[in-house]
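Trainee: Got a structure for you, final_25.txt, holding compact mmCIF, C-alpha atoms.
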```txt
# COMPACT_ATOMS: atom_id res chain seq x y z
CA SER Z 1 102.11 235.11 53.12
CA SER Z 2 103.77 237.01 50.29
CA SER Z 3 104.60 240.53 49.20
CA SER Z 4 106.06 241.88 45.99
CA SER Z 5 109.03 244.02 45.09
CA SER Z 6 109.19 245.78 41.73
CA SER Z 7 111.75 247.70 39.74
CA SER Z 8 112.01 249.23 36.31
CA SER Z 9 115.00 248.32 34.19
CA SER Z 10 115.14 251.90 32.90
CA SER Z 11 116.59 252.93 36.24
CA SER Z 12 119.50 250.50 35.81
CA SER Z 13 122.54 250.60 33.61
CA PHE Z 14 121.01 248.24 31.01
CA LYS Z 15 121.56 249.41 27.44
CA ALA Z 16 120.22 246.26 25.77
CA LYS Z 17 118.48 243.01 26.60
CA VAL Z 18 120.12 240.99 29.38
CA PRO Z 19 119.26 237.52 30.75
CA VAL Z 20 116.58 237.72 33.42
CA VAL Z 21 118.83 236.03 35.98
CA ASP Z 22 121.49 238.71 35.57
CA ALA Z 23 118.82 241.41 35.68
CA LEU Z 24 117.47 240.09 38.98
CA CYS Z 25 120.92 240.15 40.59
CA ALA Z 26 121.44 243.73 39.40
CA LEU Z 27 117.98 245.06 40.27
CA PHE Z 28 117.47 243.25 43.58
CA PRO Z 29 120.89 242.75 45.19
CA GLU Z 30 119.22 242.63 48.63
CA HIS Z 31 117.34 239.48 47.56
CA TYR Z 32 119.88 237.69 45.37
CA GLU Z 33 123.45 237.10 46.44
CA THR Z 34 123.96 234.40 43.77
CA ARG Z 35 122.60 233.58 40.33
CA ARG Z 36 121.40 230.23 41.69
CA GLN Z 37 118.98 232.02 44.03
CA ALA Z 38 117.59 234.02 41.11
CA LYS Z 39 117.20 230.89 39.01
CA ASN Z 40 115.32 229.14 41.81
CA ASP Z 41 112.77 231.97 42.03
CA CYS Z 42 112.26 231.83 38.25
CA ARG Z 43 111.66 228.09 38.45
CA LYS Z 44 109.13 228.66 41.25
CA LYS Z 45 107.30 231.22 39.03
CA LEU Z 46 107.94 234.07 41.46
CA VAL Z 47 109.31 236.46 38.81
CA MET Z 48 107.21 238.49 36.36
CA VAL Z 49 108.33 240.75 33.53
CA ASN Z 50 105.72 243.24 32.32
CA GLY Z 51 102.99 241.36 34.18
CA ARG Z 52 103.83 237.88 32.83
CA VAL Z 53 105.62 235.06 34.61
CA THR Z 54 109.06 234.56 33.11
CA ARG Z 55 111.37 231.55 32.86
CA CYS Z 56 115.09 231.27 33.56
CA ALA Z 57 115.77 231.68 29.84
CA GLY Z 58 113.86 234.97 29.68
CA ALA Z 59 115.38 238.40 29.09
CA VAL Z 60 114.84 241.94 30.38
CA ASP Z 61 114.95 245.00 28.09
CA VAL Z 62 115.23 248.71 28.79
CA GLY Z 63 111.92 249.99 30.19
CA ASP Z 64 110.61 246.58 31.28
CA GLU Z 65 108.95 246.28 34.69
CA VAL Z 66 110.26 243.39 36.80
CA VAL Z 67 108.24 242.11 39.77
CA VAL Z 68 109.46 239.54 42.31
CA VAL Z 69 107.06 237.86 44.72
CA VAL Z 70 108.76 237.53 48.11
CA ARG Z 71 107.53 234.85 50.50
CA LYS Z 72 107.65 235.77 54.17
CA THR Z 73 106.95 233.64 57.23
CA ILE Z 74 104.43 235.26 59.59
CA ALA Z 75 104.61 232.84 62.54
CA THR Z 76 108.06 231.59 63.43
CA ASP Z 77 106.74 229.19 66.10
CA VAL Z 78 103.92 227.22 64.50
CA SER Z 79 103.84 224.90 67.51
CA ALA Z 80 102.97 227.69 69.95
CA HIS Z 81 99.39 226.44 70.39
CA LEU Z 82 100.38 222.84 71.17
CA PRO Z 83 99.76 221.47 74.67
CA ASP Z 84 102.88 221.32 76.85
CA SER Z 85 102.90 217.51 76.71
CA ALA Z 86 102.83 217.62 72.91
CA LYS Z 87 105.65 220.17 72.79
CA LYS Z 88 107.84 217.77 74.77
CA VAL Z 89 107.13 215.01 72.23
CA LEU Z 90 107.82 217.37 69.32
CA ARG Z 91 111.30 218.13 70.65
CA THR Z 92 112.16 214.42 70.61
CA LEU Z 93 111.13 213.77 66.98
CA LYS Z 94 113.98 213.69 64.46
CA VAL Z 95 114.01 214.54 60.75
CA LYS Z 96 116.58 212.48 58.80
CA HIS Z 97 115.91 214.08 55.39
CA GLU Z 98 113.73 216.89 54.07
CA ASP Z 99 113.33 218.66 50.74
CA ASP Z 100 110.51 220.50 48.96
CA HIS Z 101 108.70 217.26 48.06
CA LEU Z 102 109.21 214.74 50.84
CA ALA Z 103 110.68 214.11 54.27
CA VAL Z 104 111.91 211.09 56.23
CA ILE Z 105 111.38 211.18 59.99
CA VAL Z 106 112.15 208.74 62.79
CA LYS Z 107 108.98 207.30 64.32
CA PRO Z 108 109.65 206.16 67.90
CA GLN Z 109 108.51 202.81 69.30
CA GLY Z 110 105.15 202.93 71.05
CA PHE Z 111 104.06 205.86 68.88
CA GLY Z 112 101.39 205.44 66.20
CA THR Z 113 101.77 206.44 62.56
CA ALA Z 114 98.31 208.03 62.32
CA SER Z 115 95.09 208.17 64.29
CA ALA Z 116 91.49 209.06 63.55
CA GLY Z 117 91.05 210.36 67.10
CA GLY Z 118 92.71 213.74 66.58
CA GLY Z 119 95.13 213.43 69.52
CA TYR Z 120 98.90 213.81 69.71
CA ASP Z 121 99.74 210.14 70.13
CA ASN Z 122 100.87 209.65 66.52
CA ALA Z 123 103.46 210.96 64.06
CA ASN Z 124 100.92 212.32 61.57
CA ALA Z 125 99.65 214.87 64.10
CA PHE Z 126 103.10 216.45 64.41
CA LEU Z 127 104.07 216.70 60.73
CA PRO Z 128 102.74 220.27 60.17
CA HIS Z 129 104.79 221.42 63.19
CA LEU Z 130 107.88 219.35 62.45
CA LEU Z 131 108.37 219.98 58.71
CA LYS Z 132 108.87 223.15 56.65
CA PRO Z 133 106.29 224.24 54.04
CA THR Z 134 107.16 223.18 50.51
CA GLY Z 135 108.86 225.71 48.28
CA ALA Z 136 108.07 223.79 45.08
CA SER Z 137 106.06 225.52 42.38
CA THR Z 138 102.64 224.22 41.37
CA GLU Z 139 104.14 222.92 38.12
CA GLU Z 140 106.85 220.98 39.97
CA SER Z 141 104.65 219.64 42.74
CA GLY Z 142 101.34 218.89 41.05
CA GLY Z 143 99.88 221.03 43.85
CA ALA Z 144 101.01 221.43 47.44
CA MET Z 145 98.95 219.52 49.99
CA HIS Z 146 97.47 221.54 52.84
CA ARG Z 147 99.66 219.49 55.24
CA PRO Z 148 102.36 216.78 54.97
CA ARG Z 149 101.14 213.18 55.28
CA PRO Z 150 102.75 209.74 55.82
CA CYS Z 151 103.05 207.61 52.67
CA HIS Z 152 102.94 204.28 54.56
CA ARG Z 153 102.47 202.89 58.05
CA LEU Z 154 104.66 201.38 60.73
CA ASP Z 155 103.17 199.37 63.59
CA LYS Z 156 102.80 201.31 66.83
CA ALA Z 157 105.32 199.01 68.52
CA THR Z 158 107.83 199.43 65.68
CA GLY Z 159 110.26 202.32 65.56
CA GLY Z 160 111.88 203.32 62.30
CA LEU Z 161 112.03 205.59 59.26
CA LEU Z 162 108.71 207.00 58.06
CA VAL Z 163 108.48 208.55 54.57
CA CYS Z 164 106.14 211.56 54.35
CA ALA Z 165 104.97 213.54 51.30
CA LYS Z 166 104.69 217.33 51.13
CA THR Z 167 103.27 217.58 47.58
CA SER Z 168 100.60 215.74 45.63
CA ARG Z 169 103.07 214.49 43.02
CA ALA Z 170 105.38 213.08 45.69
CA MET Z 171 102.50 211.36 47.49
CA GLU Z 172 101.32 209.68 44.29
CA ALA Z 173 104.81 208.55 43.23
CA ILE Z 174 105.84 207.21 46.64
CA CYS Z 175 102.57 205.38 47.22
CA ASP Z 176 102.91 203.80 43.77
CA ASP Z 177 106.42 202.60 44.66
CA PHE Z 178 105.20 201.02 47.90
CA ARG Z 179 102.28 199.37 46.11
CA ASP Z 180 104.53 198.02 43.33
CA ARG Z 181 107.10 196.67 45.86
CA LYS Z 182 109.83 198.98 44.57
CA VAL Z 183 110.74 200.11 48.09
CA ARG Z 184 113.32 197.91 49.84
CA LYS Z 185 112.45 197.46 53.51
CA LYS Z 186 114.75 196.23 56.24
CA TYR Z 187 113.84 195.56 59.87
CA PHE Z 188 115.87 194.67 62.96
CA ALA Z 189 114.53 192.69 65.90
CA VAL Z 190 115.54 190.82 69.03
CA ILE Z 191 113.85 187.41 69.16
CA ARG Z 192 113.47 184.78 71.88
CA GLY Z 193 114.70 181.40 70.68
CA LEU Z 194 116.89 180.32 67.78
CA LEU Z 195 115.92 180.02 64.14
CA PRO Z 196 116.89 176.78 62.35
CA ARG Z 197 119.64 178.42 60.27
CA ASP Z 198 121.76 181.56 60.46
CA ALA Z 199 120.17 182.79 57.23
CA GLY Z 200 117.03 181.65 55.53
CA THR Z 201 113.44 182.30 54.47
CA LEU Z 202 110.13 182.12 56.32
CA ASP Z 203 107.37 181.47 53.82
CA THR Z 204 104.31 180.25 55.69
CA PRO Z 205 101.21 181.61 53.88
CA LEU Z 206 99.35 184.31 55.82
CA ASP Z 207 95.69 185.21 55.36
CA GLY Z 208 95.53 182.55 52.65
CA LYS Z 209 98.15 184.34 50.55
CA PRO Z 210 101.83 183.60 49.75
CA SER Z 211 104.10 185.41 52.22
CA THR Z 212 107.88 185.60 52.32
CA THR Z 213 110.33 187.04 54.85
CA GLU Z 214 114.09 186.66 54.49
CA TYR Z 215 116.24 186.76 57.62
CA VAL Z 216 119.88 186.83 58.74
CA VAL Z 217 120.93 186.06 62.32
CA GLU Z 218 123.47 188.75 63.27
CA HIS Z 219 124.18 187.82 66.89
CA LYS Z 220 123.18 185.12 69.42
CA PHE Z 221 123.13 185.53 73.19
CA LYS Z 222 121.58 184.17 76.37
CA ARG Z 223 119.43 186.16 78.77
CA ASN Z 224 117.94 184.77 81.97
CA GLY Z 225 119.02 181.34 80.78
CA GLU Z 226 117.11 181.61 77.48
CA GLN Z 227 118.50 181.81 73.96
CA HIS Z 228 117.97 185.08 72.11
CA ALA Z 229 119.14 186.48 68.79
CA TYR Z 230 119.46 189.80 67.01
CA VAL Z 231 118.19 189.40 63.44
CA THR Z 232 117.87 191.43 60.24
CA LEU Z 233 114.64 190.84 58.33
CA THR Z 234 113.60 191.71 54.78
CA PRO Z 235 109.91 191.21 53.91
CA LYS Z 236 109.26 190.37 50.27
CA THR Z 237 105.47 190.58 50.64
CA GLY Z 238 103.35 192.94 52.71
CA ARG Z 239 100.87 191.01 54.84
CA ASN Z 240 99.48 192.49 58.04
CA GLN Z 241 102.10 192.16 60.82
CA GLN Z 242 103.91 189.68 58.56
CA ILE Z 243 107.29 189.69 60.35
CA ARG Z 244 105.79 189.27 63.81
CA ARG Z 245 103.54 186.44 62.66
CA HIS Z 246 106.29 184.64 60.71
CA LEU Z 247 108.73 184.74 63.62
CA ALA Z 248 106.11 183.63 66.15
CA GLY Z 249 105.11 180.80 63.81
CA ALA Z 250 108.75 179.68 63.73
CA GLY Z 251 108.80 179.58 67.53
CA CYS Z 252 110.92 182.72 67.85
CA PRO Z 253 108.64 185.65 68.78
CA ILE Z 254 109.92 189.22 68.93
CA VAL Z 255 110.82 190.30 72.45
CA GLY Z 256 108.29 192.91 73.52
CA ASP Z 257 105.44 191.51 71.40
CA ARG Z 258 102.83 191.34 74.15
CA ILE Z 259 100.55 189.10 72.11
CA ARG Z 260 103.04 186.54 70.79
CA CYS Z 261 105.77 186.77 73.42
CA PRO Z 262 103.95 187.03 76.76
CA GLY Z 263 106.04 187.64 79.83
CA ALA Z 264 108.93 189.26 77.92
CA LYS Z 265 109.85 192.81 78.84
CA GLU Z 266 110.02 195.29 75.98
CA GLU Z 267 113.60 196.28 76.76
```
Would you mind giving the structure from this file in structure tokens?
Mentor:
Amino acid sequence: SSSSSSSSSSSSSFKAKVPVVDALCALFPEHYETRRQAKNDCRKKLVMVNGRVTRCAGAVDVGDEVVVVVRKTIATDVSAHLPDSAKKVLRTLKVKHEDDHLAVIVKPQGFGTASAGGGYDNANAFLPHLLKPTGASTEESGGAMHRPRPCHRLDKATGGLLVCAKTSRAMEAICDDFRDRKVRKKYFAVIRGLLPRDAGTLDTPLDGKPSTTEYVVEHKFKRNGEQHAYVTLTPKTGRNQQIRRHLAGAGCPIVGDRIRCPGAKEE
């Protein structure tokens, strides 16, 4: 929610026009310890002079009325209504980066990206509880979404970084980058068997379309008498379960893939 604080410049020591940022620091010292804080509120359109929103370059004259909209958080624990089992999951989720427009979280293995069922078995269900509301202005954000949302998907069995949008402009830009292959993706996997070379390309067509996955073998080892390897993979196309299918087609399925590597334990 929000409330407003107002002050008249006639009650200050102003004798002529002063920059609005300086006026804010003088009139509202309890709100602004630095000029940067005052500038940020101007950019977010939270400052009005004589009833009109002002910019950072604005000025305040003797007799002007200055109003600042102050945002206050009502509920400090937005996860209070979650089931106990969901609260335990929430405490394990990690945020690697967050700003007013986007966030990057760590999606655990065995945890879905999103679900139409409405349960708490996926990352999307926890985003409103895990991330802070955006502080971006409508002009900056193109409009805040009513809740953060993932910009792409990771398989349920795959753990890794998940990019989420908090504003409409961020969602549009990030989705465009994924669609146009501007996002560089890198995956790590343990496979059963050995690939023909220590570095190479898997390019078997999938779903009737060209498909390319580059790989580098980082480490080879034996387990229970069988050859295994730790590999880094970079998909150049985005077919459904491309990496899993390419590796299985090369005779080196990912350990833990219950469909393509039966009998292998996930650990």
Trainee: Please write out, as AutoDock Vina command-line options, where the centre of an axis-aligned box around all listed atoms of segment 168-173 of chain Z lies and how long its edges are, in Å to one decimal, after adding 5 Å on each side.
Mentor:
```
--center_x 103.0 --center_y 212.1 --center_z 45.3 --size_x 14.8 --size_y 17.2 --size_z 14.5
```
Trainee: I need the residue nearest Lys156 of chain Z from this list: Z:Asn224, Z:Ser137, Z:Thr232, Z:Gln241. Use only C-alpha atoms for the distance.
Mentor: Z:Gln241
Trainee: So how many Å separate atom CA of Leu247 of chain Z and atom CA of Lys185 of chain Z, to one decimal?
Mentor: 16.7 Å
Trainee: So how far away is atom CA of Leu24 of chain Z from atom CA of Arg36 of chain Z, in Å?
Mentor: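 These atoms are spaced 11.0 Å apart.
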Trainee: Rounded to one decimal place, report the atom CA of Gly225 of chain Z-atom CA of Tyr187 of chain Z distance in Å.
Mentor: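 One can read the atom CA of Gly225 of chain Z to atom CA of Tyr187 of chain Z distance as 25.8 Å.
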Trainee: Which residue is closest to Arg260 of chain Z? Choose from Z:Val183, Z:Leu202, Z:Ile191, Z:Ala116 and count all atoms listed in the file.
Mentor: Z:Ile191
Trainee: Counting all atoms listed in the file, find residues at most 12 Å from (108.3, 180.6, 66.3) (file frame) and give them as a VMD selection string.
Mentor: chain Z and resid 191 to 196 202 204 243 to 255 260 to 261
Trainee: Using only C-alpha atoms, pick whichever of Z:Arg181, Z:Lys209, Z:Arg147, Z:His219 has the shortest atom-to-atom distance to Gln242 of chain Z.
Mentor: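 Under the stated criterion, the closest residue is Z:Lys209.
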Trainee: Under the rule that only C-alpha atoms are counted, which of Z:Leu90, Z:Ala229, Z:Leu162, Z:Ala38 is the nearest residue to Asp22 of chain Z?
Mentor: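 Result for the nearest residue to Asp22 of chain Z: Z:Ala38.
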Trainee: In the coordinate frame of the file, compute which residues have an atom within 12 Å of (120.2, 240.7, 42.4) when using all atoms listed in the file, and state them as a PDB file with C-alpha atoms, in the coordinates of the input.
Mentor:
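Done, and the output landed in selection15.pdb:
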```pdb
ATOM      1  CA  SER Z   5     109.030 244.020  45.090  1.00  0.00           C
ATOM      2  CA  SER Z   7     111.750 247.700  39.740  1.00  0.00           C
ATOM      3  CA  SER Z  12     119.500 250.500  35.810  1.00  0.00           C
ATOM      4  CA  VAL Z  20     116.580 237.720  33.420  1.00  0.00           C
ATOM      5  CA  VAL Z  21     118.830 236.030  35.980  1.00  0.00           C
ATOM      6  CA  ASP Z  22     121.490 238.710  35.570  1.00  0.00           C
ATOM      7  CA  ALA Z  23     118.820 241.410  35.680  1.00  0.00           C
ATOM      8  CA  LEU Z  24     117.470 240.090  38.980  1.00  0.00           C
ATOM      9  CA  CYS Z  25     120.920 240.150  40.590  1.00  0.00           C
ATOM     10  CA  ALA Z  26     121.440 243.730  39.400  1.00  0.00           C
ATOM     11  CA  LEU Z  27     117.980 245.060  40.270  1.00  0.00           C
ATOM     12  CA  PHE Z  28     117.470 243.250  43.580  1.00  0.00           C
ATOM     13  CA  PRO Z  29     120.890 242.750  45.190  1.00  0.00           C
ATOM     14  CA  GLU Z  30     119.220 242.630  48.630  1.00  0.00           C
ATOM     15  CA  HIS Z  31     117.340 239.480  47.560  1.00  0.00           C
ATOM     16  CA  TYR Z  32     119.880 237.690  45.370  1.00  0.00           C
ATOM     17  CA  GLU Z  33     123.450 237.100  46.440  1.00  0.00           C
ATOM     18  CA  THR Z  34     123.960 234.400  43.770  1.00  0.00           C
ATOM     19  CA  ARG Z  35     122.600 233.580  40.330  1.00  0.00           C
ATOM     20  CA  ARG Z  36     121.400 230.230  41.690  1.00  0.00           C
ATOM     21  CA  GLN Z  37     118.980 232.020  44.030  1.00  0.00           C
ATOM     22  CA  ALA Z  38     117.590 234.020  41.110  1.00  0.00           C
ATOM     23  CA  LYS Z  39     117.200 230.890  39.010  1.00  0.00           C
ATOM     24  CA  ASP Z  41     112.770 231.970  42.030  1.00  0.00           C
ATOM     25  CA  VAL Z  66     110.260 243.390  36.800  1.00  0.00           C
ATOM     26  CA  VAL Z  68     109.460 239.540  42.310  1.00  0.00           C
TER      27      VAL Z  68
END
```
Trainee: Between Z:Lys107, Z:His129, Z:Arg169, Z:Lys88, which residue has the minimum interatomic distance to Arg153 of chain Z, considering only C-alpha atoms?
Mentor: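 Between Z:Lys107, Z:His129, Z:Arg169, Z:Lys88, the residue approaching Arg153 of chain Z most closely is Z:Lys107.
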Trainee: Of the candidates Z:His101, Z:Lys236, Z:Lys132, Z:Lys222, which one gets nearest to Ile174 of chain Z if we count all atoms listed in the file?
Mentor: Z:His101
Trainee: Got a sec: who's within 7 Å of Leu206 of chain Z, counting only C-alpha atoms, leaving out chain neighbours fewer than 4 positions off, as a PyMOL selection string?
Mentor: chain Z and resi 210-211+239
Trainee: List as a PyMOL selection string the protein and nucleic acid residues near Ile105 of chain Z, meaning an atom at most 9 Å away when all atoms listed in the file are counted, but skip any in the same chain fewer than 6 places from it.
Mentor: chain Z and resi 93-98+123+160-164
Trainee: Could you model all heavy atoms for segment 184-195 of chain Z and present them as a PDB file, in the frame of the given file?
Mentor:
```
ATOM      1  N   ARG Z 184     112.646 198.976  49.106  1.00  0.00           N
ATOM      2  CA  ARG Z 184     113.320 197.910  49.840  1.00  0.00           C
ATOM      3  C   ARG Z 184     113.228 198.192  51.339  1.00  0.00           C
ATOM      4  O   ARG Z 184     113.666 199.234  51.794  1.00  0.00           O
ATOM      5  CB  ARG Z 184     114.782 197.799  49.403  1.00  0.00           C
ATOM      6  CG  ARG Z 184     114.943 197.266  47.984  1.00  0.00           C
ATOM      7  CD  ARG Z 184     116.398 197.176  47.593  1.00  0.00           C
ATOM      8  NE  ARG Z 184     117.000 198.506  47.489  1.00  0.00           N
ATOM      9  CZ  ARG Z 184     118.289 198.719  47.227  1.00  0.00           C
ATOM     10  NH1 ARG Z 184     119.103 197.698  47.072  1.00  0.00           N
ATOM     11  NH2 ARG Z 184     118.750 199.959  47.143  1.00  0.00           N
ATOM     12  N   LYS Z 185     112.646 197.279  52.069  1.00  0.00           N
ATOM     13  CA  LYS Z 185     112.450 197.460  53.510  1.00  0.00           C
ATOM     14  C   LYS Z 185     113.385 196.530  54.279  1.00  0.00           C
ATOM     15  O   LYS Z 185     113.603 195.388  53.883  1.00  0.00           O
ATOM     16  CB  LYS Z 185     111.004 197.134  53.893  1.00  0.00           C
ATOM     17  CG  LYS Z 185     109.947 197.917  53.135  1.00  0.00           C
ATOM     18  CD  LYS Z 185     108.555 197.445  53.520  1.00  0.00           C
ATOM     19  CE  LYS Z 185     107.482 198.107  52.699  1.00  0.00           C
ATOM     20  NZ  LYS Z 185     106.133 197.599  53.049  1.00  0.00           N
ATOM     21  N   LYS Z 186     113.899 197.041  55.392  1.00  0.00           N
ATOM     22  CA  LYS Z 186     114.750 196.230  56.240  1.00  0.00           C
ATOM     23  C   LYS Z 186     114.390 196.510  57.698  1.00  0.00           C
ATOM     24  O   LYS Z 186     114.253 197.668  58.096  1.00  0.00           O
ATOM     25  CB  LYS Z 186     116.227 196.536  55.987  1.00  0.00           C
ATOM     26  CG  LYS Z 186     117.189 195.630  56.750  1.00  0.00           C
ATOM     27  CD  LYS Z 186     118.636 195.896  56.330  1.00  0.00           C
ATOM     28  CE  LYS Z 186     118.915 195.367  54.933  1.00  0.00           C
ATOM     29  NZ  LYS Z 186     120.353 195.443  54.590  1.00  0.00           N
ATOM     30  N   TYR Z 187     114.221 195.437  58.464  1.00  0.00           N
ATOM     31  CA  TYR Z 187     113.840 195.560  59.870  1.00  0.00           C
ATOM     32  C   TYR Z 187     114.879 194.845  60.740  1.00  0.00           C
ATOM     33  O   TYR Z 187     115.544 193.908  60.298  1.00  0.00           O
ATOM     34  CB  TYR Z 187     112.466 194.929  60.115  1.00  0.00           C
ATOM     35  CG  TYR Z 187     111.324 195.646  59.444  1.00  0.00           C
ATOM     36  CD1 TYR Z 187     111.032 195.434  58.095  1.00  0.00           C
ATOM     37  CD2 TYR Z 187     110.517 196.538  60.151  1.00  0.00           C
ATOM     38  CE1 TYR Z 187     109.983 196.092  57.470  1.00  0.00           C
ATOM     39  CE2 TYR Z 187     109.463 197.190  59.541  1.00  0.00           C
ATOM     40  CZ  TYR Z 187     109.203 196.970  58.201  1.00  0.00           C
ATOM     41  OH  TYR Z 187     108.164 197.618  57.585  1.00  0.00           O
ATOM     42  N   PHE Z 188     114.969 195.281  61.989  1.00  0.00           N
ATOM     43  CA  PHE Z 188     115.870 194.670  62.960  1.00  0.00           C
ATOM     44  C   PHE Z 188     115.060 194.310  64.199  1.00  0.00           C
ATOM     45  O   PHE Z 188     114.214 195.091  64.640  1.00  0.00           O
ATOM     46  CB  PHE Z 188     117.000 195.632  63.334  1.00  0.00           C
ATOM     47  CG  PHE Z 188     117.738 196.181  62.150  1.00  0.00           C
ATOM     48  CD1 PHE Z 188     117.367 197.389  61.578  1.00  0.00           C
ATOM     49  CD2 PHE Z 188     118.790 195.471  61.582  1.00  0.00           C
ATOM     50  CE1 PHE Z 188     118.031 197.896  60.476  1.00  0.00           C
ATOM     51  CE2 PHE Z 188     119.465 195.970  60.487  1.00  0.00           C
ATOM     52  CZ  PHE Z 188     119.085 197.175  59.925  1.00  0.00           C
ATOM     53  N   ALA Z 189     115.307 193.134  64.741  1.00  0.00           N
ATOM     54  CA  ALA Z 189     114.530 192.690  65.900  1.00  0.00           C
ATOM     55  C   ALA Z 189     115.356 191.786  66.799  1.00  0.00           C
ATOM     56  O   ALA Z 189     116.293 191.123  66.351  1.00  0.00           O
ATOM     57  CB  ALA Z 189     113.279 191.936  65.429  1.00  0.00           C
ATOM     58  N   VAL Z 190     114.993 191.777  68.072  1.00  0.00           N
ATOM     59  CA  VAL Z 190     115.540 190.820  69.030  1.00  0.00           C
ATOM     60  C   VAL Z 190     114.462 189.752  69.245  1.00  0.00           C
ATOM     61  O   VAL Z 190     113.318 190.082  69.574  1.00  0.00           O
ATOM     62  CB  VAL Z 190     115.882 191.495  70.371  1.00  0.00           C
ATOM     63  CG1 VAL Z 190     116.335 190.452  71.390  1.00  0.00           C
ATOM     64  CG2 VAL Z 190     116.968 192.543  70.165  1.00  0.00           C
ATOM     65  N   ILE Z 191     114.818 188.497  69.037  1.00  0.00           N
ATOM     66  CA  ILE Z 191     113.850 187.410  69.160  1.00  0.00           C
ATOM     67  C   ILE Z 191     114.217 186.473  70.305  1.00  0.00           C
ATOM     68  O   ILE Z 191     115.381 186.387  70.698  1.00  0.00           O
ATOM     69  CB  ILE Z 191     113.751 186.599  67.842  1.00  0.00           C
ATOM     70  CG1 ILE Z 191     115.113 185.988  67.483  1.00  0.00           C
ATOM     71  CG2 ILE Z 191     113.247 187.478  66.716  1.00  0.00           C
ATOM     72  CD1 ILE Z 191     115.062 185.029  66.299  1.00  0.00           C
ATOM     73  N   ARG Z 192     113.237 185.789  70.840  1.00  0.00           N
ATOM     74  CA  ARG Z 192     113.470 184.780  71.880  1.00  0.00           C
ATOM     75  C   ARG Z 192     113.460 183.420  71.210  1.00  0.00           C
ATOM     76  O   ARG Z 192     112.490 183.056  70.533  1.00  0.00           O
ATOM     77  CB  ARG Z 192     112.390 184.843  72.961  1.00  0.00           C
ATOM     78  CG  ARG Z 192     112.672 183.917  74.140  1.00  0.00           C
ATOM     79  CD  ARG Z 192     111.703 184.172  75.279  1.00  0.00           C
ATOM     80  NE  ARG Z 192     110.346 183.804  74.909  1.00  0.00           N
ATOM     81  CZ  ARG Z 192     109.288 184.014  75.699  1.00  0.00           C
ATOM     82  NH1 ARG Z 192     109.426 184.621  76.869  1.00  0.00           N
ATOM     83  NH2 ARG Z 192     108.079 183.655  75.310  1.00  0.00           N
ATOM     84  N   GLY Z 193     114.563 182.696  71.355  1.00  0.00           N
ATOM     85  CA  GLY Z 193     114.700 181.400  70.680  1.00  0.00           C
ATOM     86  C   GLY Z 193     115.674 181.505  69.528  1.00  0.00           C
ATOM     87  O   GLY Z 193     116.173 182.586  69.206  1.00  0.00           O
ATOM     88  N   LEU Z 194     115.947 180.367  68.892  1.00  0.00           N
ATOM     89  CA  LEU Z 194     116.890 180.320  67.780  1.00  0.00           C
ATOM     90  C   LEU Z 194     116.212 179.798  66.524  1.00  0.00           C
ATOM     91  O   LEU Z 194     115.512 178.781  66.566  1.00  0.00           O
ATOM     92  CB  LEU Z 194     118.087 179.435  68.125  1.00  0.00           C
ATOM     93  CG  LEU Z 194     118.990 179.934  69.262  1.00  0.00           C
ATOM     94  CD1 LEU Z 194     120.116 178.938  69.498  1.00  0.00           C
ATOM     95  CD2 LEU Z 194     119.552 181.318  68.947  1.00  0.00           C
ATOM     96  N   LEU Z 195     116.427 180.473  65.426  1.00  0.00           N
ATOM     97  CA  LEU Z 195     115.920 180.020  64.140  1.00  0.00           C
ATOM     98  C   LEU Z 195     116.744 178.833  63.653  1.00  0.00           C
ATOM     99  O   LEU Z 195     117.895 178.655  64.066  1.00  0.00           O
ATOM    100  CB  LEU Z 195     115.967 181.179  63.137  1.00  0.00           C
ATOM    101  CG  LEU Z 195     114.967 182.313  63.425  1.00  0.00           C
ATOM    102  CD1 LEU Z 195     115.366 183.596  62.714  1.00  0.00           C
ATOM    103  CD2 LEU Z 195     113.555 181.896  63.009  1.00  0.00           C
TER     104      LEU Z 195
END
```
